[in-house]
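Enquirer: Input: one structure, supplied below.
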Amino acid sequence: MKGEMARILVIEDDLGTATEIAAALTDHGHEVASAGVGREGLLRAATEEFDAVVLDRMLPGGMDGLAVLATLRATGNEVPVLVLSALSAVDERVRGLKAGGDDYLTKPFEFLELTARLDVLMRRRASPQRETTLRVADLEIDLPTHTVTRAGQTIELLPREYRLLEYLMRHAGQVVTRTMMFEEVWHYRYDEPTNVIDVHVSKLRRKIEIPGAPPLIQTVRGAGYVLHAPH
Amino acid sequence: MRLIDLPRTGSFRVALLFLALFGTASAVLFGFLFLQTHQFIIANVDGWLAREAPESFHSSLPDIERQFEARSATNRSSEHAFSLYGTEGRLLAGDPLQMPVPIAVFDRPFDFKVRTNDNHKRYRGMAHQLPGGEIVLIAQDMHEAREFDESFIGTVVWGGVLTAALGLLGATLVGAGTVRRLDGVAMAIQRIVSGDLSRRLPSNGTSGDFDRLAHVVNGMLDDIERLMHDVKGVADGIAHDLRTPLTRILAGLERAQRRAVSPSDYATAIEGAIFEVRGVLKTFSALLRIAELEDGARRAGFSDVDLRQVANDVAEFYEPVAEEKEIELRLACSGAGPYTLNGDASLLFDAIANLVDNAIKFTPAGGSVTVEVARAGDSIGVGVKDTGCGIAAPEREAVLRRFYRSEQSRHEPGTGLGLTLVSAVARLHDLTLTIDDASPGCSVTLRQAQFCIDLNVRFWGSGFKGKELT
């Protein structure tokens, strides 16, 4: 799944991790710039135009990730920032988000998780959501009334199935991982999501997919799901 | 034990101190007694002198002479002496007692010594000078009083020596006992330090100070031994759990190297390796998570959490899974709300979800799983009960250990860390984890510590008002 070409700055001191992140993002179709220390990263983020920044929480050289983030935000720079950290404690996450981070990912993570989250972050910036209907192919959600129709036929969904579908529709065309779904639909955080979510998705599929027609919800192996109109 | 160690032992010193205190107290007591007795004897003598003096002193000289002669004739062996001396000190009448020279004082009691044959004799007496210069002396032999003094002092000295000897002996015995026990403890500790963790401090079964200490230390050693055992178990678990997937990865890669001809063969091999590595990584993440929870570092992010809401969300989350396995998943509440506790909602969700996941995994089709939130007094708790195969009583402790897999679960997928995580989450929230037999099946409850036993009745009690989830 390739996203739109974007420029992403990776501020990470560990060379191995930085190389792997850069490779994953490049393979995903993005252009990557790298910085190894906080000052350099801050300078580049402030002077150049990036679509997103991947920022390590712990950086050597007196200026750590949160300081870079706080300084960047203080100058009015609103570039989406995803904070990476080896610390998974809840208050660490809260501090990362408070300092101006848009998302927080705990190491070790899978690169598909990183690219999926970055796509969502960049898209969120691009389109503020003010719609009253969401539509993918002939599947439609009327947001105020919570009504779901496929090819004009109303589909009855349980509340949680509706929430799951709405989330997938809002991120139509983007890969969403199980962790992201769990966070956004169930509002809990799990670093290791169970495959219970697969059961929910398969139930949803049974209700919205039309037998014989190409499926709207597709499985991205090892990562999550993507909902998009068949080509 | 060396004798030289003895004075350094506390009990020996205490025994000596008590010996010294007892000795001083006895000396004071006996000294006082001695003084009192002595004064009593003197007073007796003085009383006798005062009674005799007027009759002896204030008669006419011939009367006195006659009277004294009569007395000395009848009272030959008496301890009393009545003597009349001429002006030049020669005995005129009465008992043949040499006149004391000089006479210290007239008409008042005084002590004097008289040489008779070879030895001195002590007397206490009173003298009076008649108008003609003659001297009248009445006196009492103090020999018996002196003998009493001597035997009194002798008794005290011998008693003191005996007491001191017994005291020293006792102190030595007590001290030696202490040294022997300390030697035993020191030896046990040395053995423990050198690696024999099953060794315990010796205790002789009495409930003395030393045994209490030994008991506490032995309790601590039990804990340490258990922890060391756990650590070893974890290390063994990691080694074992990693060797299996790593062996599979290696085998897969080697097979690809040997046989793969097309890119799709390689792709399959890589995919297999990625799957296995992901599993390994998952195990490590779970271990790290548990370690983090056990550090208690996460408590800083705590806020008020509605336990019923979390339980409800878990039940809702697992509802389709239960439905697929034809298991009835129920949510129940007992006791009045609110069910709020200070905690981390995601962790509580994780813990309850783990319990529900296990319950569904081990309950056969047609069975039921119940999630119950309950309150008793000020405390709340949450429990998950199933109608599955249950956990055998001897295994209930063990299942909380990292990587422990019971006989039934050995062939189910999983890391063997689920219940360890639940237990870590429970500890972080000051909740007590209990595994009980629900016959059939088992129940696992997490409850606040003050949640007393009668809650067991509330939990899963007869007044169960479960409602099926929609």
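Naming works like this for the structure tokens: A, B, ... for the chains as they're shown, residue 1 at the start of each chain, ligands 1 onward in shown order.
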Write out as a PyMOL selection string all residues of range 174-251 of chain B that DSSP puts in alpha helix (DSSP H) for this structure's backbone.
Expert: chain B and resi 174-193+209-251
Enquirer: Given only C-alpha atoms, how would the per-residue table for chain A near chain B read, listing every residue at most 12 Å away with its closest atom pair and distance in Å to one decimal, sorted by chain and number, as a Markdown table?
Expert:
```
| residue | atom | partner | partner_atom | distance |
| --- | --- | --- | --- | --- |
| A:Ala86 | CA | B:Leu288 | CA | 10.5 |
| A:Leu87 | CA | B:Glu292 | CA | 9.2 |
| A:Ser88 | CA | B:Arg289 | CA | 8.2 |
| A:Ala89 | CA | B:Arg298 | CA | 5.3 |
| A:Val90 | CA | B:Gly301 | CA | 5.4 |
| A:Asp91 | CA | B:Gly301 | CA | 4.8 |
| A:Glu92 | CA | B:Gly301 | CA | 8.5 |
| A:Arg93 | CA | B:Gly301 | CA | 9.3 |
| A:Val94 | CA | B:Gly301 | CA | 8.1 |
| A:Arg95 | CA | B:Gly301 | CA | 10.2 |
| A:Thr106 | CA | B:Ser285 | CA | 10.2 |
| A:Lys107 | CA | B:Ser285 | CA | 9.2 |
| A:Pro108 | CA | B:Ser285 | CA | 7.9 |
| A:Phe109 | CA | B:Leu281 | CA | 9.5 |
| A:Glu110 | CA | B:Arg278 | CA | 9.1 |
| A:Leu158 | CA | B:Thr470 | CA | 9.0 |
| A:Pro159 | CA | B:Glu316 | CA | 10.4 |
| A:Arg160 | CA | B:Glu316 | CA | 8.4 |
| A:Glu161 | CA | B:Phe317 | CA | 10.6 |
| A:Leu164 | CA | B:Phe317 | CA | 11.7 |
| A:Phe182 | CA | B:Phe317 | CA | 9.9 |
| A:Glu183 | CA | B:Ser346 | CA | 9.8 |
| A:Val185 | CA | B:Phe317 | CA | 10.6 |
| A:Trp186 | CA | B:Asp313 | CA | 7.8 |
| A:His187 | CA | B:Ser346 | CA | 8.4 |
| A:Tyr188 | CA | B:Ser346 | CA | 5.0 |
| A:Arg189 | CA | B:Ser346 | CA | 5.5 |
| A:Tyr190 | CA | B:Ser346 | CA | 7.1 |
| A:Asp191 | CA | B:Ser285 | CA | 8.3 |
| A:Glu192 | CA | B:Lys282 | CA | 7.2 |
| A:Pro193 | CA | B:Asp350 | CA | 9.7 |
| A:Thr194 | CA | B:Asp357 | CA | 9.5 |
| A:Asn195 | CA | B:Val321 | CA | 9.9 |
| A:Val196 | CA | B:Val321 | CA | 6.8 |
| A:Ile197 | CA | B:Phe317 | CA | 8.2 |
| A:Asp198 | CA | B:Val321 | CA | 9.7 |
| A:Val199 | CA | B:Val321 | CA | 6.5 |
| A:His200 | CA | B:Pro320 | CA | 6.7 |
| A:Val201 | CA | B:Pro320 | CA | 10.1 |
| A:Ser202 | CA | B:Pro320 | CA | 9.8 |
| A:Lys203 | CA | B:Pro320 | CA | 7.8 |
| A:Leu204 | CA | B:Pro320 | CA | 10.6 |
| A:Arg221 | CA | B:Glu271 | CA | 10.3 |
| A:Gly222 | CA | B:Phe275 | CA | 8.4 |
| A:Ala223 | CA | B:Arg278 | CA | 11.5 |
```
Enquirer: If you run DSSP on the backbone here, which positions in range 85-142 of chain B get strand (DSSP E or B)? Please write them as a PyMOL selection string.
Expert: chain B and resi 85+91-94+110-116+119-129+135-141
Enquirer: Can you pull out the residues contacting Ile360 in chain B? Cut-off 12 Å, using only C-alpha atoms, and skip same-chain residues under 4 positions away; I want them as a PyMOL selection string.
Expert: (chain A and resi 196) or (chain B and resi 315+318-330+353-356+364-371+384-390+412+441-442)
Enquirer: Can you tell me how far CA of Leu16 in chain B sits from CA of Gly159 in chain B, in Å to one decimal?
Expert: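 According to the coordinates, CA of Leu16 in chain B and CA of Gly159 in chain B are separated by 17.0 Å.
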Enquirer: My list of candidates is A:Arg130, A:Leu118, A:Ile155, A:Gly173. Which is closest to Leu143 in chain A when distances are computed with only C-alpha atoms?
Expert: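 So, comparing all the options, the nearest one is A:Arg130.
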Enquirer: Please compute the CA of Val120 in chain A-CA of Ser34 in chain A distance, one decimal, in Å.
Expert: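 These atoms are spaced 21.1 Å apart.
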Enquirer: Need to verify the contact set: range 393-401 of chain B, 8 Å, only C-alpha atoms, exclusion of same-chain residues closer than 2 positions in sequence. Can you return it as a VMD selection string?
Expert: chain B and resid 230 391 403 to 406 417 419 to 420 423 435 437
Enquirer: Determine, counting only C-alpha atoms, which protein, DNA and RNA residues have an atom within 8 Å of an atom of Thr71 in chain A; residues of the same chain fewer than 4 positions away are not included. Present the result as a list in words.
Expert: Leu42, Ala67 and Thr75 of chain A
Enquirer: Can you tell me how far CA of Gly195 in chain B sits from CA of Val231 in chain B, in Å to one decimal?
Expert: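 CA of Val231 in chain B lies 14.9 Å from CA of Gly195 in chain B.
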Enquirer: Taking only C-alpha atoms into account, name the residue in A:Leu66, A:Met180, A:Met122, A:Ile208 that is nearest to Ala52 in chain A.
Expert: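 Selected residue with least distance to Ala52 in chain A: A:Met122.
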Enquirer: For range 59-73 of chain B, work out the shell of residues within 6 Å, counting only C-alpha atoms and skipping chain neighbours fewer than 6 positions away, then give it as a list in words.
Expert: Phe82, Ala93, Gly94 and Asp95 of chain B
Enquirer: Taking N, CA and C atoms for each residue, export the selection above as an mmCIF file, in the first residue's frame.
Expert:
```cif
data_model
loop_
_atom_site.group_PDB
_atom_site.id
_atom_site.type_symbol
_atom_site.label_atom_id
_atom_site.label_comp_id
_atom_site.auth_asym_id
_atom_site.auth_seq_id
_atom_site.Cartn_x
_atom_site.Cartn_y
_atom_site.Cartn_z
ATOM 1 N N PHE B 82 31.045 -8.050 138.417
ATOM 2 C CA PHE B 82 30.830 -6.985 139.420
ATOM 3 C C PHE B 82 32.109 -6.896 140.228
ATOM 4 N N ALA B 93 36.711 -6.583 146.227
ATOM 5 C CA ALA B 93 35.656 -7.584 146.338
ATOM 6 C C ALA B 93 35.082 -7.855 144.952
ATOM 7 N N GLY B 94 34.322 -8.960 144.825
ATOM 8 C CA GLY B 94 33.622 -9.269 143.563
ATOM 9 C C GLY B 94 34.473 -10.106 142.630
ATOM 10 N N ASP B 95 34.072 -10.054 141.319
ATOM 11 C CA ASP B 95 34.719 -10.905 140.316
ATOM 12 C C ASP B 95 36.146 -10.446 140.079
#
```
Enquirer: I need the residue nearest Gln218 in chain A from this list: A:Val175, A:Leu72, A:Val136, A:Ile141. Use only C-alpha atoms for the distance.
Expert: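 Comparing A:Val175, A:Leu72, A:Val136, A:Ile141 against Gln218 in chain A, the winner is A:Val175.
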